>>> print(open('coords.cif').read())   # mmCIF, C-alpha atoms and all ligand atoms
data_input
loop_
_atom_site.label_atom_id
_atom_site.label_comp_id
_atom_site.auth_asym_id
_atom_site.auth_seq_id
_atom_site.Cartn_x
_atom_site.Cartn_y
_atom_site.Cartn_z
CA MET A 1 18.35 44.90 -28.43
CA ARG A 2 20.86 42.20 -29.37
CA ARG A 3 24.37 42.90 -28.05
CA PRO A 4 27.19 42.37 -30.54
CA SER A 5 29.60 39.57 -29.71
CA PRO A 6 33.26 40.37 -29.00
CA THR A 7 34.01 39.36 -32.57
CA GLY A 8 31.44 41.80 -33.86
CA ARG A 9 29.19 38.98 -35.12
CA PRO A 10 25.56 38.80 -33.95
CA THR A 11 25.01 36.24 -31.15
CA GLY A 12 21.50 35.19 -32.21
CA GLY A 13 20.61 32.28 -34.52
CA ARG A 14 22.49 28.98 -34.20
CA PRO A 15 23.80 28.37 -30.66
CA PRO A 16 27.57 28.06 -30.30
CA ARG A 17 28.92 24.52 -30.61
CA PRO A 18 30.02 22.84 -27.34
CA ARG A 19 33.71 23.32 -26.59
CA ALA A 20 34.48 19.61 -26.83
CA GLU A 21 33.04 19.44 -30.32
CA GLN A 22 35.02 22.49 -31.42
CA ALA A 23 38.23 21.06 -29.98
CA GLU A 24 37.64 17.69 -31.69
CA GLN A 25 37.09 19.34 -35.03
CA LEU A 26 40.06 21.66 -34.69
CA GLY A 27 42.19 18.73 -33.45
CA PHE A 28 44.27 20.63 -30.86
CA GLU A 29 47.53 18.93 -30.14
CA GLY A 30 47.48 17.07 -26.85
CA MET A 31 43.68 16.75 -26.85
CA PRO A 32 42.43 13.23 -26.10
CA GLU A 33 41.45 11.24 -29.19
CA ARG A 34 37.86 10.35 -29.89
CA LEU A 35 36.93 7.01 -28.28
CA PHE A 36 36.39 4.11 -30.63
CA VAL A 37 32.81 2.93 -30.19
CA CYS A 38 32.72 -0.82 -30.63
CA THR A 39 31.08 -4.16 -30.06
CA PRO A 40 32.77 -7.58 -30.07
CA SER A 41 31.58 -8.22 -33.62
CA LYS A 42 33.04 -4.94 -34.86
CA LEU A 43 36.46 -5.77 -33.40
CA GLY A 44 36.19 -9.38 -34.57
CA ALA A 45 35.33 -8.34 -38.13
CA TYR A 46 38.55 -6.30 -38.41
CA ALA A 47 40.69 -8.96 -36.74
CA ASP A 48 39.32 -11.57 -39.18
CA CYS A 49 39.58 -9.43 -42.29
CA PRO A 50 40.06 -5.64 -42.52
CA ARG A 51 38.24 -5.59 -45.87
CA ARG A 52 35.17 -7.27 -44.37
CA TYR A 53 35.25 -4.60 -41.66
CA ARG A 54 35.32 -1.89 -44.31
CA TYR A 55 32.38 -3.39 -46.21
CA SER A 56 30.36 -3.72 -42.98
CA TYR A 57 31.19 -0.49 -41.16
CA VAL A 58 32.87 2.05 -43.45
CA ASP A 59 31.55 1.89 -47.02
CA ARG A 60 28.27 3.70 -47.44
CA PRO A 61 26.21 2.51 -49.12
CA ALA A 62 27.53 -0.88 -47.97
CA PRO A 63 27.99 -3.47 -50.73
CA PRO A 64 25.05 -5.87 -51.05
CA LYS A 65 25.20 -8.89 -48.76
CA GLY A 66 24.64 -12.44 -49.89
CA PRO A 67 21.45 -14.32 -48.91
CA PRO A 68 20.70 -15.07 -45.23
CA TRP A 69 22.38 -18.10 -43.66
CA ALA A 70 20.27 -20.91 -42.24
CA HIS A 71 22.72 -21.45 -39.35
CA ASN A 72 22.26 -17.81 -38.32
CA SER A 73 18.48 -18.29 -38.40
CA LEU A 74 18.82 -21.41 -36.26
CA GLY A 75 21.14 -19.71 -33.76
CA ALA A 76 18.91 -16.63 -33.48
CA SER A 77 15.79 -18.78 -32.98
CA VAL A 78 17.38 -20.78 -30.15
CA HIS A 79 18.80 -17.67 -28.45
CA THR A 80 15.42 -15.90 -28.51
CA ALA A 81 13.61 -18.96 -27.23
CA LEU A 82 15.97 -19.08 -24.23
CA LYS A 83 15.55 -15.37 -23.65
CA ASN A 84 11.76 -15.82 -23.62
CA TRP A 85 12.10 -18.82 -21.31
CA TYR A 86 13.67 -16.58 -18.69
CA ALA A 87 11.03 -13.91 -19.31
CA LEU A 88 8.42 -16.37 -17.97
CA ALA A 89 7.60 -16.53 -14.27
CA PRO A 90 9.65 -19.35 -12.66
CA ASP A 91 6.59 -21.60 -12.20
CA ARG A 92 5.91 -21.40 -15.96
CA ARG A 93 9.45 -22.38 -16.99
CA ARG A 94 8.52 -25.92 -17.95
CA PRO A 95 9.81 -28.04 -20.86
CA GLU A 96 6.29 -28.20 -22.39
CA VAL A 97 6.38 -24.50 -23.25
CA LEU A 98 9.54 -24.78 -25.32
CA GLY A 99 7.78 -25.85 -28.53
CA THR A 100 5.52 -22.80 -28.37
CA LEU A 101 8.41 -20.49 -27.53
CA LEU A 102 10.54 -21.82 -30.37
CA LYS A 103 7.68 -21.66 -32.86
CA GLY A 104 6.99 -18.07 -31.86
CA THR A 105 10.55 -16.95 -32.50
CA TRP A 106 11.49 -19.27 -35.36
CA VAL A 107 13.39 -17.56 -38.18
CA ARG A 108 12.71 -19.31 -41.49
CA GLU A 109 15.37 -17.78 -43.71
CA GLY A 110 18.16 -19.65 -45.46
CA TYR A 111 16.95 -23.26 -45.37
CA ARG A 112 17.12 -25.40 -48.51
CA ASP A 113 13.51 -26.55 -48.24
CA ASP A 114 10.69 -27.28 -45.79
CA THR A 115 12.06 -30.72 -44.97
CA GLN A 116 15.41 -29.33 -43.90
CA GLU A 117 13.75 -26.56 -41.93
CA ARG A 118 11.47 -29.05 -40.13
CA ASP A 119 14.45 -31.21 -39.30
CA ALA A 120 16.33 -28.19 -37.90
CA PHE A 121 13.30 -27.22 -35.80
CA GLY A 122 13.12 -30.71 -34.29
CA ARG A 123 16.83 -30.67 -33.59
CA ALA A 124 16.67 -27.22 -31.95
CA LEU A 125 13.71 -28.26 -29.78
CA ALA A 126 15.60 -31.36 -28.62
CA TRP A 127 18.64 -29.20 -27.72
CA LEU A 128 16.46 -26.81 -25.74
CA GLU A 129 14.64 -29.59 -23.89
CA ALA A 130 17.90 -31.22 -22.89
CA TYR A 131 19.39 -27.87 -21.88
CA VAL A 132 16.54 -26.65 -19.68
CA ALA A 133 16.40 -30.07 -17.98
CA GLY A 134 19.71 -29.08 -16.40
CA LEU A 135 18.50 -25.64 -15.26
CA ASP A 136 16.79 -24.77 -12.02
CA PRO A 137 13.72 -22.74 -13.08
CA ALA A 138 13.97 -20.82 -9.80
CA ASP A 139 17.44 -19.50 -10.67
CA GLU A 140 17.12 -15.89 -11.74
CA PRO A 141 20.05 -14.64 -13.82
CA ILE A 142 21.36 -11.14 -13.15
CA GLY A 143 20.80 -10.39 -16.82
CA VAL A 144 19.42 -12.02 -19.96
CA GLU A 145 20.49 -10.45 -23.25
CA ARG A 146 21.76 -7.68 -21.05
CA VAL A 147 23.95 -4.94 -22.56
CA VAL A 148 27.14 -4.20 -20.64
CA ALA A 149 29.34 -1.23 -21.44
CA VAL A 150 32.66 0.24 -20.39
CA LYS A 151 34.92 3.09 -21.47
CA THR A 152 38.70 3.03 -21.43
CA GLY A 153 41.17 5.60 -22.72
CA VAL A 154 40.68 4.18 -26.23
CA LEU A 155 37.40 2.28 -26.37
CA ALA A 156 33.75 2.86 -25.69
CA PHE A 157 32.77 -0.81 -25.61
CA ASN A 158 29.27 -2.19 -25.45
CA GLY A 159 28.01 -5.71 -26.00
CA ARG A 160 24.91 -7.80 -25.47
CA THR A 161 25.58 -10.86 -23.31
CA ASP A 162 23.43 -13.98 -23.68
CA ARG A 163 23.18 -14.39 -19.90
CA ILE A 164 24.89 -13.20 -16.75
CA ASP A 165 24.56 -15.51 -13.73
CA SER A 166 25.34 -14.76 -10.12
CA ARG A 167 26.95 -17.68 -8.30
CA PRO A 168 28.96 -18.04 -5.10
CA GLY A 169 32.67 -17.46 -5.69
CA PRO A 170 35.54 -19.27 -3.93
CA ASP A 171 35.04 -17.18 -0.78
CA GLY A 172 31.27 -17.73 -0.80
CA ARG A 173 30.49 -14.21 -1.94
CA PRO A 174 28.43 -13.83 -5.15
CA GLU A 175 30.36 -13.45 -8.38
CA LEU A 176 29.13 -12.90 -11.91
CA VAL A 177 29.51 -15.50 -14.66
CA ILE A 178 29.24 -14.73 -18.37
CA VAL A 179 27.25 -17.38 -20.26
CA ASP A 180 27.33 -17.56 -24.04
CA TYR A 181 25.15 -20.04 -25.97
CA LYS A 182 26.62 -21.83 -28.97
CA THR A 183 24.73 -23.80 -31.61
CA GLY A 184 27.47 -24.74 -34.12
CA ARG A 185 28.24 -28.30 -35.11
CA THR A 186 31.31 -29.02 -33.06
CA GLY A 187 31.88 -28.83 -29.34
CA LEU A 188 34.13 -26.25 -27.73
CA ASP A 189 36.84 -26.59 -25.11
CA ALA A 190 38.42 -24.51 -22.36
CA ASP A 191 40.87 -22.98 -24.86
CA ASP A 192 37.93 -21.55 -26.81
CA ALA A 193 36.55 -20.00 -23.61
CA ARG A 194 40.00 -18.70 -22.59
CA GLY A 195 40.77 -17.25 -26.03
CA SER A 196 37.44 -15.55 -26.66
CA GLN A 197 38.01 -11.80 -26.68
CA ALA A 198 34.25 -11.20 -26.66
CA LEU A 199 33.76 -13.18 -23.43
CA ALA A 200 36.68 -11.43 -21.75
CA LEU A 201 35.38 -7.99 -22.70
CA TYR A 202 31.91 -8.91 -21.46
CA ALA A 203 33.43 -9.99 -18.14
CA TYR A 204 35.51 -6.81 -17.87
CA ALA A 205 32.46 -4.65 -18.65
CA ALA A 206 30.06 -6.64 -16.42
CA GLU A 207 32.42 -6.29 -13.45
CA ARG A 208 32.32 -2.51 -13.86
CA THR A 209 28.62 -2.29 -14.73
CA PHE A 210 27.50 -4.29 -11.67
CA ARG A 211 30.47 -3.49 -9.39
CA ARG A 212 30.89 -7.19 -8.63
CA PRO A 213 33.72 -9.56 -9.54
CA CYS A 214 33.25 -11.32 -12.87
CA ARG A 215 36.05 -13.69 -13.83
CA ARG A 216 34.35 -16.86 -15.03
CA VAL A 217 33.25 -17.17 -18.64
CA GLU A 218 31.34 -20.16 -20.07
CA LEU A 219 30.43 -21.40 -23.54
CA HIS A 220 27.27 -23.52 -23.39
CA HIS A 221 27.20 -25.73 -26.48
CA LEU A 222 23.59 -26.78 -26.86
CA PRO A 223 23.98 -29.55 -29.48
CA THR A 224 26.29 -31.54 -27.18
CA GLY A 225 25.09 -30.19 -23.82
CA THR A 226 28.70 -29.39 -22.84
CA VAL A 227 30.10 -26.36 -21.05
CA ALA A 228 33.56 -24.99 -21.80
CA ALA A 229 34.70 -22.64 -19.04
CA HIS A 230 37.63 -20.44 -18.13
CA GLU A 231 38.48 -18.50 -14.97
CA HIS A 232 40.08 -15.21 -15.92
CA THR A 233 42.41 -13.22 -13.69
CA GLU A 234 42.64 -9.47 -13.55
CA GLU A 235 45.79 -9.77 -15.69
CA SER A 236 44.24 -12.00 -18.36
CA LEU A 237 41.25 -9.66 -18.69
CA GLN A 238 43.62 -6.74 -18.96
CA ARG A 239 45.60 -8.55 -21.69
CA GLN A 240 42.45 -9.08 -23.75
CA LEU A 241 41.48 -5.46 -23.24
CA THR A 242 44.92 -4.28 -24.37
CA ARG A 243 44.60 -6.43 -27.50
CA ALA A 244 41.16 -4.95 -28.19
CA GLU A 245 42.59 -1.45 -27.78
CA GLU A 246 45.39 -2.27 -30.24
CA THR A 247 42.80 -3.42 -32.79
CA ALA A 248 40.81 -0.24 -32.19
CA ARG A 249 43.92 1.88 -32.79
CA ASP A 250 44.63 -0.02 -36.02
CA ILE A 251 41.07 0.57 -37.21
CA MET A 252 41.19 4.28 -36.37
CA ALA A 253 44.54 4.62 -38.16
CA ALA A 254 43.13 2.91 -41.27
CA GLU A 255 40.04 5.12 -41.23
CA ARG A 256 42.18 8.23 -40.78
CA ALA A 257 44.42 7.18 -43.66
CA VAL A 258 41.40 6.93 -45.97
CA THR A 259 40.16 10.34 -44.82
CA ASP A 260 43.62 11.70 -45.62
CA GLY A 261 43.46 10.33 -49.15
CA ALA A 262 44.93 6.80 -48.92
CA ASP A 263 43.59 4.09 -51.21
CA PRO A 264 40.81 2.35 -49.20
CA ASP A 265 41.78 -1.00 -50.74
CA GLU A 266 45.27 -0.64 -49.27
CA ALA A 267 44.13 0.73 -45.91
CA PHE A 268 41.72 -2.19 -45.50
CA PRO A 269 43.43 -5.16 -47.21
CA THR A 270 41.77 -8.48 -47.90
CA THR A 271 42.89 -11.56 -45.95
CA PRO A 272 41.56 -14.41 -48.06
CA GLY A 273 41.13 -17.80 -46.45
CA PRO A 274 38.61 -20.57 -45.82
CA ARG A 275 36.25 -18.08 -44.14
CA CYS A 276 35.70 -16.31 -47.50
CA GLY A 277 33.24 -19.05 -48.46
CA TRP A 278 31.08 -17.93 -45.51
CA CYS A 279 31.55 -14.17 -45.97
CA ASP A 280 28.48 -12.02 -46.64
CA TYR A 281 30.51 -9.83 -48.99
CA ARG A 282 32.18 -12.58 -51.04
CA ARG A 283 30.52 -11.45 -54.26
CA SER A 284 31.71 -7.84 -53.85
CA CYS A 285 35.25 -8.71 -52.81
CA PRO A 286 38.00 -9.26 -55.42
CA SER A 287 39.65 -11.96 -53.27
CA GLY A 288 36.42 -13.60 -52.13
CA ALA A 289 35.06 -13.87 -55.66
CA GLN A 290 37.81 -16.47 -56.29
CA ALA A 291 36.69 -18.62 -53.35
CA PRO A 292 33.96 -21.22 -53.78
CA GLY A 293 30.82 -20.02 -52.01
CA LYS A 294 28.83 -22.09 -49.54
CA ASP A 295 25.14 -22.75 -49.87
CA PRO A 296 23.16 -20.75 -47.30
CA TRP A 297 22.12 -24.03 -45.65
CA ALA A 298 25.53 -25.75 -45.81
CA ALA A 299 26.30 -25.47 -42.07
CA VAL A 300 22.84 -26.72 -41.09
CA GLU A 301 23.14 -29.62 -43.53
CA ARG A 302 26.35 -30.65 -41.77
CA LEU A 303 24.59 -30.75 -38.40
CA ALA A 304 23.03 -33.99 -39.60
CA GLU A 305 26.50 -35.53 -40.22
CA PRO A 306 28.53 -37.09 -37.41
CA ALA A 307 31.27 -34.74 -36.13
CA THR A 308 34.80 -35.95 -36.92
CA GLY A 309 36.76 -33.66 -34.64
CA GLN A 310 38.47 -32.26 -37.75
CA ASP A 311 36.10 -29.32 -38.13
S1 LIG A 401 35.56 -12.52 -49.05
FE1 LIG A 401 37.33 -13.02 -47.76
S2 LIG A 401 38.86 -11.47 -48.21
FE2 LIG A 401 36.89 -10.71 -48.98
S3 LIG A 401 36.01 -9.49 -47.36
FE3 LIG A 401 35.21 -11.52 -47.10
S4 LIG A 401 36.61 -12.53 -45.68
FE4 LIG A 401 37.67 -10.73 -46.47
#
>>> encode(input="coords.cif", output="structure tokens")
Amino acid sequence: MRRPSPTGRPTGGRPPRPRAEQAEQLGFEGMPERLFVCTPSKLGAYADCPRRYRYSYVDRPAPPKGPPWAHNSLGASVHTALKNWYALAPDRRRPEVLGTLLKGTWVREGYRDDTQERDAFGRALAWLEAYVAGLDPADEPIGVERVVAVKTGVLAFNGRTDRIDSRPGPDGRPELVIVDYKTGRTGLDADDARGSQALALYAYAAERTFRRPCRRVELHHLPTGTVAAHEHTEESLQRQLTRAEETARDIMAAERAVTDGADPDEAFPTTPGPRCGWCDYRRSCPSGAQAPGKDPWAAVERLAEPATGQD
């Protein structure tokens, strides 16, 4: 026979909810807040434009996106080809396989026409050939497209790194290096590597995931074959983490305000600027609709032009 519960209600049927879940829903004072689950792109979207964040992560159904971008297709194709390069046994990592690898992972979306797409393929293959010529096929990274994750008092961060290398540090002991591939038109410098919150968070998370120091972050720009690097310190990583936590708090406050009845347009304001032309939600956004839109292939078209240093 079923025993009555102390409250007099039957104990059968749905099992009781875990304590943590009850506490979160009741919102006891002094209870820790829910962690903000995030990736670098989620934090970056809010930092760039709170409204873009809302369209991407809050509004459901999300507003329709614009058409796919050719430069995203090109970037994804090159990244996957490099991932598959490292998936080969070291003795098969030869330049001749790159054409097959790139063809196998080529994303066709967004190009103006076949001629432009063919030109982009040739360009990407040339970048890859030049890049792998500088790699030792026997070098085995610690991770390729490896997800690293870390929890703090505010964040539950996770992100997919392009590559994590293990190299001897200043004292000869192995240290981790975060490598991020870039395929945009212009080169990058040490300030870009230093200022990248994503790279710093990857380093912070990798150090804790692998329990090995990880201070060096590198941007590998394939079109120019250049590497922009920065050596972080414990303090500089901590500063980037604190900034990420501040962004997370801002996002949670905005989301809470909407739940409590605030106008979503005010909680997530628009920040119009040159990036609106490249925004997936330009057509749905009152500020973006004023900005001239870019053709989906505009960035790839500009790859064919000489860089001026102004862009
Ligand atoms: S169009 Fe501009 S203002 Fe609107 S969401 Fe996109 S980036 Fe923000």
>>> atom_distance(input="coords.cif", atom1="CA of Thr242 in chain A", atom2="CA of Val154 in chain A")
9.6 Å
>>> axis_aligned_box(input="coords.cif", around="range 99-114 of chain A", padding_each_side="3 Å", output="AutoDock Vina command-line options")
--center_x 11.8 --center_y -22.1 --center_z -38.0 --size_x 18.6 --size_y 16.3 --size_z 27.0
>>> closest_residue(input="coords.cif", among="A:Lys42, A:Asp250, A:Thr100, A:Trp69", to="Tyr57 in chain A", atoms="only C-alpha atoms")
A:Lys42
>>> atom_distance(input="coords.cif", atom1="CA of Pro40 in chain A", atom2="CA of Pro64 in chain A")
22.4 Å
>>> residues_near_ligand(input="coords.cif", ligand="ligand LIG 401 (chain A)", cutoff="7 Å", atoms="only C-alpha atoms and all ligand atoms", output="MDAnalysis selection string")
chainID A and resid 49:52 270:273 275:277 279:282 285:289
>>> write_last_selection(input="coords.cif", atoms="C-alpha atoms", output="PDB file, in the frame of the given file")
ATOM      1  CA  CYS A  49      39.580  -9.430 -42.290  1.00  0.00           C
ATOM      2  CA  PRO A  50      40.060  -5.640 -42.520  1.00  0.00           C
ATOM      3  CA  ARG A  51      38.240  -5.590 -45.870  1.00  0.00           C
ATOM      4  CA  ARG A  52      35.170  -7.270 -44.370  1.00  0.00           C
ATOM      5  CA  THR A 270      41.770  -8.480 -47.900  1.00  0.00           C
ATOM      6  CA  THR A 271      42.890 -11.560 -45.950  1.00  0.00           C
ATOM      7  CA  PRO A 272      41.560 -14.410 -48.060  1.00  0.00           C
ATOM      8  CA  GLY A 273      41.130 -17.800 -46.450  1.00  0.00           C
ATOM      9  CA  ARG A 275      36.250 -18.080 -44.140  1.00  0.00           C
ATOM     10  CA  CYS A 276      35.700 -16.310 -47.500  1.00  0.00           C
ATOM     11  CA  GLY A 277      33.240 -19.050 -48.460  1.00  0.00           C
ATOM     12  CA  CYS A 279      31.550 -14.170 -45.970  1.00  0.00           C
ATOM     13  CA  ASP A 280      28.480 -12.020 -46.640  1.00  0.00           C
ATOM     14  CA  TYR A 281      30.510  -9.830 -48.990  1.00  0.00           C
ATOM     15  CA  ARG A 282      32.180 -12.580 -51.040  1.00  0.00           C
ATOM     16  CA  CYS A 285      35.250  -8.710 -52.810  1.00  0.00           C
ATOM     17  CA  PRO A 286      38.000  -9.260 -55.420  1.00  0.00           C
ATOM     18  CA  SER A 287      39.650 -11.960 -53.270  1.00  0.00           C
ATOM     19  CA  GLY A 288      36.420 -13.600 -52.130  1.00  0.00           C
ATOM     20  CA  ALA A 289      35.060 -13.870 -55.660  1.00  0.00           C
TER      21      ALA A 289
END
>>> atom_distance(input="coords.cif", atom1="CA of Glu96 in chain A", atom2="CA of Trp127 in chain A")
13.5 Å
>>> closest_residue(input="coords.cif", among="A:Tyr181, A:Tyr86, A:Trp278, A:Trp106", to="Pro141 in chain A", atoms="all atoms listed in the file")
A:Tyr86
>>> closest_residue(input="coords.cif", among="A:Pro274, A:Gly172, A:Pro223, A:Pro292", to="Ala304 in chain A", atoms="all atoms listed in the file")
A:Pro223
>>> closest_residue(input="coords.cif", among="A:Ile164, A:Ala89, A:Ala81, A:Ala156", to="Tyr131 in chain A", atoms="all atoms listed in the file")
A:Ala81
>>> decode(input="coords.cif", residues="range 46-57 of chain A", atoms="C-alpha atoms", output="compact mmCIF listing (two decimals), in the first residue's frame")
# COMPACT_ATOMS: atom_id res chain seq x y z
CA TYR A 46 25.95 41.03 -27.78
CA ALA A 47 29.11 43.14 -27.58
CA ASP A 48 28.70 44.09 -31.26
CA CYS A 49 24.97 44.76 -31.11
CA PRO A 50 22.50 43.73 -28.39
CA ARG A 51 19.68 43.64 -30.95
CA ARG A 52 21.58 41.17 -33.13
CA TYR A 53 22.05 39.04 -30.02
CA ARG A 54 18.31 39.13 -29.39
CA TYR A 55 17.47 38.12 -32.95
CA SER A 56 19.99 35.25 -32.83
CA TYR A 57 19.48 33.88 -29.32
